[in-house]
$ cat data-v5.pdb   # PDB, C-alpha atoms
ATOM      1  CA  MET A1392      64.885-135.980 -41.252  1.00  0.00           C
ATOM      2  CA  ASN A1393      63.350-133.623 -43.787  1.00  0.00           C
ATOM      3  CA  ASP A1394      59.743-132.352 -43.770  1.00  0.00           C
ATOM      4  CA  TRP A1395      58.651-134.997 -46.267  1.00  0.00           C
ATOM      5  CA  GLN A1396      59.978-137.859 -44.104  1.00  0.00           C
ATOM      6  CA  LYS A1397      58.165-136.449 -41.062  1.00  0.00           C
ATOM      7  CA  LYS A1398      54.712-136.687 -42.661  1.00  0.00           C
ATOM      8  CA  SER A1399      52.221-139.317 -41.491  1.00  0.00           C
ATOM      9  CA  PRO A1400      50.803-142.186 -43.568  1.00  0.00           C
ATOM     10  CA  LEU A1401      47.502-140.301 -43.815  1.00  0.00           C
ATOM     11  CA  ASP A1402      49.375-137.279 -45.226  1.00  0.00           C
ATOM     12  CA  TRP A1403      51.267-139.411 -47.760  1.00  0.00           C
ATOM     13  CA  GLU A1404      48.072-141.176 -48.778  1.00  0.00           C
ATOM     14  CA  THR A1405      46.613-137.862 -50.005  1.00  0.00           C
ATOM     15  CA  TYR A1406      49.318-137.806 -52.727  1.00  0.00           C
ATOM     16  CA  VAL A1407      48.391-141.214 -54.158  1.00  0.00           C
ATOM     17  CA  ASN A1408      46.766-140.934 -57.620  1.00  0.00           C
ATOM     18  CA  LYS A1409      47.975-137.333 -57.991  1.00  0.00           C
ATOM     19  CA  ARG A1410      50.331-136.109 -60.661  1.00  0.00           C
ATOM     20  CA  VAL A1411      53.193-134.399 -58.864  1.00  0.00           C
ATOM     21  CA  LYS A1412      56.465-132.646 -59.436  1.00  0.00           C
ATOM     22  CA  VAL A1413      59.164-133.672 -56.965  1.00  0.00           C
ATOM     23  CA  ALA A1414      62.137-131.420 -56.323  1.00  0.00           C
ATOM     24  CA  ALA A1415      65.014-133.563 -55.086  1.00  0.00           C
ATOM     25  CA  ALA A1416      68.598-133.103 -53.918  1.00  0.00           C
ATOM     26  CA  GLU A1417      71.225-131.702 -56.289  1.00  0.00           C
ATOM     27  CA  LYS A1418      68.600-129.888 -58.400  1.00  0.00           C
ATOM     28  CA  ASN A1419      66.992-133.062 -59.716  1.00  0.00           C
ATOM     29  CA  GLU A1420      63.323-132.850 -60.680  1.00  0.00           C
ATOM     30  CA  TYR A1421      60.903-135.676 -61.343  1.00  0.00           C
ATOM     31  CA  GLU A1422      57.297-135.708 -62.494  1.00  0.00           C
ATOM     32  CA  GLY A1423      54.736-138.494 -62.524  1.00  0.00           C
ATOM     33  CA  TRP A1424      51.657-140.129 -61.019  1.00  0.00           C
ATOM     34  CA  VAL A1425      52.121-141.176 -57.392  1.00  0.00           C
ATOM     35  CA  LEU A1426      51.596-144.932 -56.938  1.00  0.00           C
ATOM     36  CA  THR A1427      52.651-145.049 -53.321  1.00  0.00           C
ATOM     37  CA  VAL A1428      54.914-143.553 -50.673  1.00  0.00           C
ATOM     38  CA  ASP A1429      56.791-146.111 -48.603  1.00  0.00           C
ATOM     39  CA  PRO A1430      55.893-145.342 -44.964  1.00  0.00           C
ATOM     40  CA  VAL A1431      59.250-146.723 -43.791  1.00  0.00           C
ATOM     41  CA  SER A1432      61.607-144.728 -46.038  1.00  0.00           C
ATOM     42  CA  ALA A1433      59.238-142.025 -47.415  1.00  0.00           C
ATOM     43  CA  ASN A1434      60.397-143.085 -50.919  1.00  0.00           C
ATOM     44  CA  VAL A1435      57.961-141.809 -53.580  1.00  0.00           C
ATOM     45  CA  VAL A1436      57.029-144.167 -56.426  1.00  0.00           C
ATOM     46  CA  LEU A1437      56.040-142.333 -59.628  1.00  0.00           C
ATOM     47  CA  ALA A1438      54.613-143.782 -62.841  1.00  0.00           C
ATOM     48  CA  ASN A1439      54.609-142.348 -66.342  1.00  0.00           C
ATOM     49  CA  PHE A1440      53.095-143.668 -69.545  1.00  0.00           C
ATOM     50  CA  PRO A1441      55.263-142.675 -72.521  1.00  0.00           C
ATOM     51  CA  GLU A1442      53.452-143.027 -75.872  1.00  0.00           C
ATOM     52  CA  ASN A1443      53.503-146.598 -77.186  1.00  0.00           C
ATOM     53  CA  GLU A1444      56.057-147.621 -74.627  1.00  0.00           C
ATOM     54  CA  ARG A1445      56.286-149.554 -71.412  1.00  0.00           C
ATOM     55  CA  VAL A1446      55.288-148.062 -68.074  1.00  0.00           C
ATOM     56  CA  SER A1447      58.156-146.049 -66.719  1.00  0.00           C
ATOM     57  CA  ILE A1448      58.690-146.085 -62.947  1.00  0.00           C
ATOM     58  CA  VAL A1449      60.806-143.577 -61.050  1.00  0.00           C
ATOM     59  CA  VAL A1450      61.380-143.815 -57.317  1.00  0.00           C
ATOM     60  CA  VAL A1451      62.666-140.744 -55.489  1.00  0.00           C
ATOM     61  CA  LEU A1452      64.263-141.568 -52.146  1.00  0.00           C
ATOM     62  CA  GLY A1453      62.591-139.967 -49.144  1.00  0.00           C
ATOM     63  CA  HIS A1454      65.843-138.547 -47.778  1.00  0.00           C
ATOM     64  CA  ALA A1455      66.416-136.694 -51.069  1.00  0.00           C
ATOM     65  CA  VAL A1456      62.910-135.184 -51.391  1.00  0.00           C
ATOM     66  CA  GLN A1457      62.852-131.413 -50.977  1.00  0.00           C
ATOM     67  CA  GLU A1458      59.402-130.463 -52.215  1.00  0.00           C
ATOM     68  CA  VAL A1459      56.355-132.179 -53.693  1.00  0.00           C
ATOM     69  CA  ASP A1460      53.860-130.105 -55.706  1.00  0.00           C
ATOM     70  CA  VAL A1461      50.521-131.530 -56.797  1.00  0.00           C
ATOM     71  CA  LEU A1462      49.827-130.763 -60.468  1.00  0.00           C
ATOM     72  CA  GLN A1463      46.721-132.786 -61.261  1.00  0.00           C
ATOM     73  CA  GLU A1464      44.274-135.344 -59.904  1.00  0.00           C
ATOM     74  CA  ALA A1465      43.755-138.675 -61.707  1.00  0.00           C
ATOM     75  CA  ASP A1466      40.391-139.343 -63.359  1.00  0.00           C
ATOM     76  CA  ASP A1467      38.757-142.768 -63.011  1.00  0.00           C
ATOM     77  CA  ASP A1468      40.498-144.158 -66.118  1.00  0.00           C
ATOM     78  CA  MET A1469      43.906-143.100 -64.850  1.00  0.00           C
ATOM     79  CA  LYS A1470      43.159-144.464 -61.360  1.00  0.00           C
ATOM     80  CA  ALA A1471      42.289-147.850 -62.862  1.00  0.00           C
ATOM     81  CA  ARG A1472      45.464-147.779 -64.944  1.00  0.00           C
ATOM     82  CA  LEU A1473      47.587-146.921 -61.914  1.00  0.00           C
ATOM     83  CA  SER A1474      46.021-149.520 -59.648  1.00  0.00           C
ATOM     84  CA  CYS A1475      46.965-152.442 -61.883  1.00  0.00           C
ATOM     85  CA  ILE A1476      50.661-151.563 -62.314  1.00  0.00           C
ATOM     86  CA  PHE A1477      51.824-153.574 -59.302  1.00  0.00           C
ATOM     87  CA  ALA A1478      48.839-155.901 -59.187  1.00  0.00           C
ATOM     88  CA  PRO A1479      49.462-158.816 -56.838  1.00  0.00           C
ATOM     89  CA  GLU A1480      51.446-161.562 -58.462  1.00  0.00           C
ATOM     90  CA  GLU A1481      52.807-163.037 -55.263  1.00  0.00           C
ATOM     91  CA  SER A1482      53.593-166.443 -56.682  1.00  0.00           C
ATOM     92  CA  LYS A1483      55.785-164.956 -59.399  1.00  0.00           C
ATOM     93  CA  ALA A1484      57.143-161.955 -57.546  1.00  0.00           C
ATOM     94  CA  TYR A1485      58.322-163.777 -54.438  1.00  0.00           C
ATOM     95  CA  SER A1486      59.588-167.035 -55.850  1.00  0.00           C
ATOM     96  CA  PRO A1487      63.393-167.204 -55.637  1.00  0.00           C
TER
ATOM     97  CA  SER B 884      72.235-170.378  -9.997  1.00  0.00           C
ATOM     98  CA  THR B 885      74.452-170.122 -13.076  1.00  0.00           C
ATOM     99  CA  ARG B 886      71.917-172.039 -15.159  1.00  0.00           C
ATOM    100  CA  ARG B 887      69.477-169.112 -15.111  1.00  0.00           C
ATOM    101  CA  SER B 888      70.600-167.855 -18.498  1.00  0.00           C
ATOM    102  CA  VAL B 889      69.465-171.009 -20.277  1.00  0.00           C
ATOM    103  CA  GLU B 890      65.871-170.716 -19.112  1.00  0.00           C
ATOM    104  CA  PRO B 891      63.532-169.932 -21.975  1.00  0.00           C
ATOM    105  CA  PRO B 892      62.677-166.225 -22.127  1.00  0.00           C
ATOM    106  CA  THR B 893      59.089-165.431 -21.184  1.00  0.00           C
ATOM    107  CA  GLU B 894      58.643-163.485 -24.421  1.00  0.00           C
ATOM    108  CA  ARG B 895      60.022-164.697 -27.718  1.00  0.00           C
ATOM    109  CA  PRO B 896      61.541-162.081 -30.062  1.00  0.00           C
ATOM    110  CA  GLY B 897      59.149-163.046 -32.850  1.00  0.00           C
ATOM    111  CA  GLU B 898      56.160-162.228 -30.670  1.00  0.00           C
ATOM    112  CA  ARG B 899      57.479-158.774 -29.893  1.00  0.00           C
ATOM    113  CA  ARG B 900      58.141-158.128 -33.581  1.00  0.00           C
ATOM    114  CA  MET B 901      54.601-159.180 -34.413  1.00  0.00           C
ATOM    115  CA  ALA B 902      53.172-156.924 -31.695  1.00  0.00           C
ATOM    116  CA  GLU B 903      55.136-153.977 -33.111  1.00  0.00           C
ATOM    117  CA  MET B 904      53.945-154.814 -36.613  1.00  0.00           C
ATOM    118  CA  GLU B 905      50.331-154.942 -35.440  1.00  0.00           C
ATOM    119  CA  LYS B 906      50.648-151.536 -33.845  1.00  0.00           C
ATOM    120  CA  LEU B 907      51.969-150.134 -37.125  1.00  0.00           C
ATOM    121  CA  TYR B 908      49.932-152.026 -39.710  1.00  0.00           C
ATOM    122  CA  GLY B 909      46.813-153.234 -37.889  1.00  0.00           C
ATOM    123  CA  ALA B 910      44.971-156.098 -39.505  1.00  0.00           C
ATOM    124  CA  GLU B 911      47.458-156.415 -42.389  1.00  0.00           C
ATOM    125  CA  ALA B 912      50.487-156.857 -40.129  1.00  0.00           C
ATOM    126  CA  ALA B 913      50.982-160.579 -40.770  1.00  0.00           C
ATOM    127  CA  LYS B 914      50.836-160.117 -44.533  1.00  0.00           C
ATOM    128  CA  ILE B 915      53.313-157.219 -44.520  1.00  0.00           C
ATOM    129  CA  LEU B 916      55.666-159.137 -42.231  1.00  0.00           C
ATOM    130  CA  ALA B 917      55.526-162.148 -44.560  1.00  0.00           C
ATOM    131  CA  MET B 918      56.367-159.970 -47.587  1.00  0.00           C
ATOM    132  CA  GLU B 919      59.264-158.315 -45.731  1.00  0.00           C
ATOM    133  CA  THR B 920      60.604-161.643 -44.506  1.00  0.00           C
ATOM    134  CA  ALA B 921      60.508-163.156 -47.992  1.00  0.00           C
ATOM    135  CA  MET B 922      62.362-160.149 -49.381  1.00  0.00           C
ATOM    136  CA  GLN B 923      64.965-160.184 -46.617  1.00  0.00           C
ATOM    137  CA  LEU B 924      65.596-163.916 -47.129  1.00  0.00           C
ATOM    138  CA  ILE B 925      66.401-163.411 -50.796  1.00  0.00           C
ATOM    139  CA  PHE B 926      68.694-160.495 -49.940  1.00  0.00           C
ATOM    140  CA  ASP B 927      70.547-162.426 -47.228  1.00  0.00           C
ATOM    141  CA  ARG B 928      70.918-165.496 -49.407  1.00  0.00           C
ATOM    142  CA  ASN B 929      72.275-163.379 -52.293  1.00  0.00           C
ATOM    143  CA  CYS B 930      74.787-161.737 -49.984  1.00  0.00           C
ATOM    144  CA  ASP B 931      75.982-165.120 -48.668  1.00  0.00           C
ATOM    145  CA  LYS B 932      76.334-166.498 -52.159  1.00  0.00           C
ATOM    146  CA  LYS B 933      77.799-163.520 -54.052  1.00  0.00           C
ATOM    147  CA  GLN B 934      79.642-161.657 -51.261  1.00  0.00           C
ATOM    148  CA  PRO B 935      78.899-158.291 -52.888  1.00  0.00           C
ATOM    149  CA  LYS B 936      80.966-155.267 -51.841  1.00  0.00           C
ATOM    150  CA  TYR B 937      79.554-151.819 -51.305  1.00  0.00           C
ATOM    151  CA  TRP B 938      79.922-149.484 -54.246  1.00  0.00           C
ATOM    152  CA  PRO B 939      81.288-146.945 -53.926  1.00  0.00           C
ATOM    153  CA  ILE B 940      83.455-148.178 -51.039  1.00  0.00           C
ATOM    154  CA  ILE B 941      83.079-144.886 -49.206  1.00  0.00           C
ATOM    155  CA  PRO B 942      79.525-143.506 -48.913  1.00  0.00           C
ATOM    156  CA  LEU B 943      78.902-140.538 -51.217  1.00  0.00           C
ATOM    157  CA  LYS B 944      76.677-138.913 -48.659  1.00  0.00           C
ATOM    158  CA  LEU B 945      76.957-139.298 -44.886  1.00  0.00           C
TER
ATOM    159  CA  LEU C 306      29.465-164.032 -33.141  1.00  0.00           C
ATOM    160  CA  ASN C 307      32.862-165.292 -34.165  1.00  0.00           C
ATOM    161  CA  PRO C 308      34.502-167.420 -31.465  1.00  0.00           C
ATOM    162  CA  GLY C 309      37.844-167.164 -33.294  1.00  0.00           C
ATOM    163  CA  ALA C 310      38.072-163.405 -32.691  1.00  0.00           C
ATOM    164  CA  VAL C 311      37.983-163.224 -28.903  1.00  0.00           C
ATOM    165  CA  SER C 312      41.564-162.498 -27.811  1.00  0.00           C
ATOM    166  CA  PRO C 313      41.545-158.749 -27.059  1.00  0.00           C
ATOM    167  CA  PRO C 314      45.124-157.561 -27.756  1.00  0.00           C
ATOM    168  CA  VAL C 315      45.204-158.870 -31.329  1.00  0.00           C
ATOM    169  CA  PRO C 316      43.462-156.483 -33.723  1.00  0.00           C
ATOM    170  CA  GLY C 317      40.852-158.195 -35.840  1.00  0.00           C
ATOM    171  CA  PRO C 318      40.188-157.342 -39.483  1.00  0.00           C
ATOM    172  CA  CYS C 319      37.977-154.373 -38.516  1.00  0.00           C
ATOM    173  CA  SER C 320      40.177-152.894 -35.835  1.00  0.00           C
ATOM    174  CA  SER C 321      42.900-151.140 -37.872  1.00  0.00           C
ATOM    175  CA  THR C 322      43.074-147.446 -37.111  1.00  0.00           C
ATOM    176  CA  PRO C 323      42.880-145.216 -40.210  1.00  0.00           C
ATOM    177  CA  GLY C 324      46.599-144.472 -39.812  1.00  0.00           C
ATOM    178  CA  ALA C 325      47.520-148.155 -39.650  1.00  0.00           C
ATOM    179  CA  ALA C 326      45.321-149.016 -42.627  1.00  0.00           C
ATOM    180  CA  ALA C 327      46.912-146.234 -44.696  1.00  0.00           C
ATOM    181  CA  ARG C 328      50.401-147.292 -43.645  1.00  0.00           C
ATOM    182  CA  ALA C 329      49.663-150.908 -44.562  1.00  0.00           C
ATOM    183  CA  ALA C 330      48.282-150.033 -48.008  1.00  0.00           C
ATOM    184  CA  LEU C 331      51.239-147.751 -48.800  1.00  0.00           C
ATOM    185  CA  ARG C 332      53.789-150.281 -47.561  1.00  0.00           C
ATOM    186  CA  ARG C 333      52.181-153.213 -49.379  1.00  0.00           C
ATOM    187  CA  ARG C 334      52.327-151.319 -52.682  1.00  0.00           C
ATOM    188  CA  TYR C 335      55.938-150.318 -52.080  1.00  0.00           C
ATOM    189  CA  LEU C 336      57.001-153.902 -51.303  1.00  0.00           C
ATOM    190  CA  ARG C 337      55.273-155.003 -54.504  1.00  0.00           C
ATOM    191  CA  SER C 338      57.240-152.409 -56.468  1.00  0.00           C
ATOM    192  CA  LEU C 339      60.472-153.801 -55.005  1.00  0.00           C
ATOM    193  CA  ALA C 340      59.449-157.330 -55.944  1.00  0.00           C
ATOM    194  CA  ALA C 341      58.521-156.217 -59.468  1.00  0.00           C
ATOM    195  CA  MET C 342      61.969-154.655 -59.913  1.00  0.00           C
ATOM    196  CA  ARG C 343      63.900-157.890 -59.314  1.00  0.00           C
ATOM    197  CA  GLY C 344      65.774-159.018 -62.420  1.00  0.00           C
ATOM    198  CA  LEU C 345      65.186-155.761 -64.299  1.00  0.00           C
ATOM    199  CA  PRO C 346      67.799-153.281 -65.499  1.00  0.00           C
ATOM    200  CA  VAL C 347      67.567-150.216 -63.269  1.00  0.00           C
ATOM    201  CA  SER C 348      69.326-146.881 -63.610  1.00  0.00           C
ATOM    202  CA  PHE C 349      70.393-145.120 -60.430  1.00  0.00           C
ATOM    203  CA  ALA C 350      71.007-141.422 -59.887  1.00  0.00           C
ATOM    204  CA  LEU C 351      73.473-141.188 -57.014  1.00  0.00           C
ATOM    205  CA  HIS C 352      74.717-138.175 -55.125  1.00  0.00           C
ATOM    206  CA  GLU C 353      77.569-136.160 -56.671  1.00  0.00           C
ATOM    207  CA  ARG C 354      75.922-136.617 -60.081  1.00  0.00           C
ATOM    208  CA  VAL C 355      77.109-140.219 -60.353  1.00  0.00           C
ATOM    209  CA  ARG C 356      74.943-142.280 -62.715  1.00  0.00           C
ATOM    210  CA  VAL C 357      75.107-146.090 -62.764  1.00  0.00           C
ATOM    211  CA  GLY C 358      73.103-148.939 -64.226  1.00  0.00           C
ATOM    212  CA  ALA C 359      72.653-152.449 -62.880  1.00  0.00           C
ATOM    213  CA  VAL C 360      70.335-155.425 -62.722  1.00  0.00           C
ATOM    214  CA  VAL C 361      68.628-155.437 -59.341  1.00  0.00           C
ATOM    215  CA  ALA C 362      68.854-158.828 -57.686  1.00  0.00           C
ATOM    216  CA  ALA C 363      67.426-158.035 -54.240  1.00  0.00           C
ATOM    217  CA  ALA C 364      66.598-155.342 -51.737  1.00  0.00           C
ATOM    218  CA  ASP C 365      66.667-155.736 -47.998  1.00  0.00           C
ATOM    219  CA  ALA C 366      63.317-155.141 -46.385  1.00  0.00           C
ATOM    220  CA  ALA C 367      63.944-151.685 -44.892  1.00  0.00           C
ATOM    221  CA  PRO C 368      65.357-151.058 -47.602  1.00  0.00           C
ATOM    222  CA  LEU C 369      68.811-149.726 -46.746  1.00  0.00           C
ATOM    223  CA  ALA C 370      70.651-151.341 -49.644  1.00  0.00           C
ATOM    224  CA  PHE C 371      70.101-152.952 -53.040  1.00  0.00           C
ATOM    225  CA  GLN C 372      72.036-156.002 -54.112  1.00  0.00           C
ATOM    226  CA  VAL C 373      72.752-155.515 -57.805  1.00  0.00           C
ATOM    227  CA  ASP C 374      74.442-157.532 -60.536  1.00  0.00           C
ATOM    228  CA  ALA C 375      76.358-156.264 -63.574  1.00  0.00           C
ATOM    229  CA  LEU C 376      76.903-152.819 -62.080  1.00  0.00           C
ATOM    230  CA  ARG C 377      78.169-150.432 -64.746  1.00  0.00           C
ATOM    231  CA  THR C 378      80.210-147.749 -62.979  1.00  0.00           C
ATOM    232  CA  PRO C 379      82.303-144.950 -64.475  1.00  0.00           C
ATOM    233  CA  LEU C 380      85.312-147.139 -63.622  1.00  0.00           C
ATOM    234  CA  GLY C 381      84.104-150.398 -65.141  1.00  0.00           C
ATOM    235  CA  LEU C 382      81.858-153.362 -64.570  1.00  0.00           C
ATOM    236  CA  GLN C 383      81.324-155.037 -61.206  1.00  0.00           C
ATOM    237  CA  ALA C 384      79.678-158.469 -61.174  1.00  0.00           C
ATOM    238  CA  ALA C 385      77.895-158.090 -57.829  1.00  0.00           C
ATOM    239  CA  ALA C 386      77.649-155.074 -55.567  1.00  0.00           C
ATOM    240  CA  LEU C 387      75.623-153.371 -52.879  1.00  0.00           C
ATOM    241  CA  LEU C 388      74.290-149.849 -53.401  1.00  0.00           C
ATOM    242  CA  ARG C 389      73.464-147.854 -50.265  1.00  0.00           C
ATOM    243  CA  CYS C 390      70.068-146.165 -50.292  1.00  0.00           C
ATOM    244  CA  ALA C 391      71.704-143.171 -48.596  1.00  0.00           C
ATOM    245  CA  ASP C 392      73.822-142.681 -51.765  1.00  0.00           C
ATOM    246  CA  ILE C 393      70.800-142.818 -54.083  1.00  0.00           C
ATOM    247  CA  ILE C 394      68.659-139.817 -55.057  1.00  0.00           C
ATOM    248  CA  ALA C 395      66.377-141.746 -57.412  1.00  0.00           C
ATOM    249  CA  TYR C 396      66.148-144.946 -59.427  1.00  0.00           C
ATOM    250  CA  ALA C 397      64.200-145.762 -62.561  1.00  0.00           C
ATOM    251  CA  PHE C 398      63.054-148.827 -64.468  1.00  0.00           C
ATOM    252  CA  GLU C 399      60.476-149.906 -67.042  1.00  0.00           C
ATOM    253  CA  LEU C 400      57.764-152.517 -66.749  1.00  0.00           C
TER
END
$ encode --input "data-v5.pdb" --output "structure tokens"
Amino acid sequence: MNDWQKKSPLDWETYVNKRVKVAAAEKNEYEGWVLTVDPVSANVVLANFPENERVSIVVVLGHAVQEVDVLQEADDDMKARLSCIFAPEESKAYSP
Amino acid sequence: STRRSVEPPTERPGERRMAEMEKLYGAEAAKILAMETAMQLIFDRNCDKKQPKYWPIIPLKL
Amino acid sequence: LNPGAVSPPVPGPCSSTPGAAARAALRRRYLRSLAAMRGLPVSFALHERVRVGAVVAAADAAPLAFQVDALRTPLGLQAAALLRCADIIAYAFEL
């Protein structure tokens, strides 16, 4: 287990709504707004908003995370935008 | 007696799972468990139906 | 007083510890992201610089593997396959 996987849910929660740069295995780097960190796998879910395009989601697997640097904190507009990305749509999302 | 093994267990596996979930997730445990179960069902059903093989056959990273 | 909330070992709505509440919120959002990904084309960055694309059909709950359809590998197309999470560095999709 790496240092990132050993963190607690309260630690991971501090990264939510922050813009971060994630250094991952094999010299991969990812940047984006943190939507969540899965407490089971430590996978980091990042969102980006390319101009005039759809929301782009990148998930970095917890086992591959080497370092996470916080770049910026979301303002209220960005927080609102982030919170509705995976808004509950249970009926649609879980139907077979 | 040899019939001992067919007696119902005092604790059902589902109850233990729920107790573990409550320790981890508190008040939201039932909801999380329901979401996980729904997801697992779809996965298991897909695997039964499509018989997918691992790709690549040998793990890239052990 | 609520007579429905008397059994002591079962945490009621107000009894989550801060750690459990944080874990639940993080997990719920992650499970939603997995659900949102079903049926979408997803690109995977695997170890050893292998890049593949596929349509994600399902993830097991842990998740330890993704069941994908139409997997485009460097060696051709596979109709249905399982990708191990341990092989994956990152995956990406658009909403």
$ interface_residues --input "data-v5.pdb" --of "chain B" --to "chain A" --cutoff "8 Å" --atoms "only C-alpha atoms" --output "ChimeraX atom specification"
/B:921-922,925
$ atom_distance --input "data-v5.pdb" --atom1 "atom CA of A:Asn1393" --atom2 "atom CA of A:Leu1452"
11.6 Å
$ interface_residues --input "data-v5.pdb" --of "chain C" --to "chain B" --cutoff "8 Å" --atoms "all atoms listed in the file" --output "number ranges by chain"
C: 315-322, 325-326, 328-329, 332-333, 336, 340, 351-353, 362-366, 372, 385-389, 391-392
$ interface_residues --input "data-v5.pdb" --of "chain C" --to "chain A" --cutoff "7 Å" --atoms "all atoms listed in the file" --output "list of chain:residue names"
C:Gly324, C:Ala327, C:Arg328, C:Leu331, C:Arg332, C:Arg334, C:Tyr335, C:Arg337, C:Ser338, C:Ala340, C:Ala341, C:Ala367, C:Ile393, C:Ile394, C:Ala395, C:Tyr396, C:Ala397, C:Phe398, C:Glu399, C:Leu400
$ resolve_selection --input "data-v5.pdb" --expression "the PyMOL selection byres ((chain A and resi 1422) around 6)" --output "JSON, numbers by chain"
{"A": [1411, 1412, 1421, 1423]}
$ atom_distance --input "data-v5.pdb" --atom1 "atom CA of C:Phe371" --atom2 "atom CA of B:Asp931"
14.2 Å
$ atom_distance --input "data-v5.pdb" --atom1 "atom CA of A:Lys1418" --atom2 "atom CA of C:Val373"
26.0 Å
$ build_atoms --input "data-v5.pdb" --residues "stretch 374-380 of chain C" --atoms "all heavy atoms" --output "short mmCIF file (atom, residue, chain, number, x, y, z; two decimals), in the frame of the given file"
data_model
loop_
_atom_site.label_atom_id
_atom_site.label_comp_id
_atom_site.auth_asym_id
_atom_site.auth_seq_id
_atom_site.Cartn_x
_atom_site.Cartn_y
_atom_site.Cartn_z
N ASP C 374 73.49 -156.80 -59.71
CA ASP C 374 74.44 -157.53 -60.54
C ASP C 374 74.80 -156.66 -61.74
O ASP C 374 74.03 -155.78 -62.12
CB ASP C 374 73.81 -158.84 -61.03
CG ASP C 374 73.55 -159.83 -59.89
OD1 ASP C 374 74.25 -159.73 -58.86
OD2 ASP C 374 72.66 -160.67 -60.02
N ALA C 375 75.93 -156.96 -62.35
CA ALA C 375 76.36 -156.26 -63.57
C ALA C 375 76.28 -154.75 -63.40
O ALA C 375 75.69 -154.04 -64.21
CB ALA C 375 75.50 -156.72 -64.76
N LEU C 376 76.90 -154.26 -62.35
CA LEU C 376 76.90 -152.82 -62.08
C LEU C 376 77.88 -152.12 -63.02
O LEU C 376 79.07 -152.41 -63.03
CB LEU C 376 77.30 -152.56 -60.62
CG LEU C 376 77.48 -151.09 -60.22
CD1 LEU C 376 76.14 -150.36 -60.21
CD2 LEU C 376 78.14 -150.98 -58.85
N ARG C 377 77.33 -151.21 -63.84
CA ARG C 377 78.17 -150.43 -64.75
C ARG C 377 78.51 -149.11 -64.07
O ARG C 377 77.65 -148.26 -63.88
CB ARG C 377 77.44 -150.18 -66.07
CG ARG C 377 77.44 -151.38 -67.01
CD ARG C 377 76.57 -151.14 -68.24
NE ARG C 377 75.15 -151.26 -67.93
CZ ARG C 377 74.28 -150.25 -67.92
NH1 ARG C 377 74.68 -149.05 -68.22
NH2 ARG C 377 73.03 -150.46 -67.61
N THR C 378 79.77 -148.97 -63.65
CA THR C 378 80.21 -147.75 -62.98
C THR C 378 81.10 -146.98 -63.95
O THR C 378 81.54 -147.53 -64.96
CB THR C 378 81.04 -148.08 -61.71
OG1 THR C 378 82.37 -148.42 -62.11
CG2 THR C 378 80.43 -149.23 -60.93
N PRO C 379 81.38 -145.71 -63.60
CA PRO C 379 82.30 -144.95 -64.47
C PRO C 379 83.67 -145.62 -64.56
O PRO C 379 84.45 -145.33 -65.46
CB PRO C 379 82.40 -143.59 -63.77
CG PRO C 379 81.14 -143.49 -62.96
CD PRO C 379 80.82 -144.89 -62.54
N LEU C 380 83.98 -146.51 -63.63
CA LEU C 380 85.31 -147.14 -63.62
C LEU C 380 85.29 -148.57 -64.14
O LEU C 380 86.31 -149.27 -64.08
CB LEU C 380 85.87 -147.14 -62.19
CG LEU C 380 86.06 -145.76 -61.58
CD1 LEU C 380 86.50 -145.87 -60.12
CD2 LEU C 380 87.07 -144.93 -62.38
#
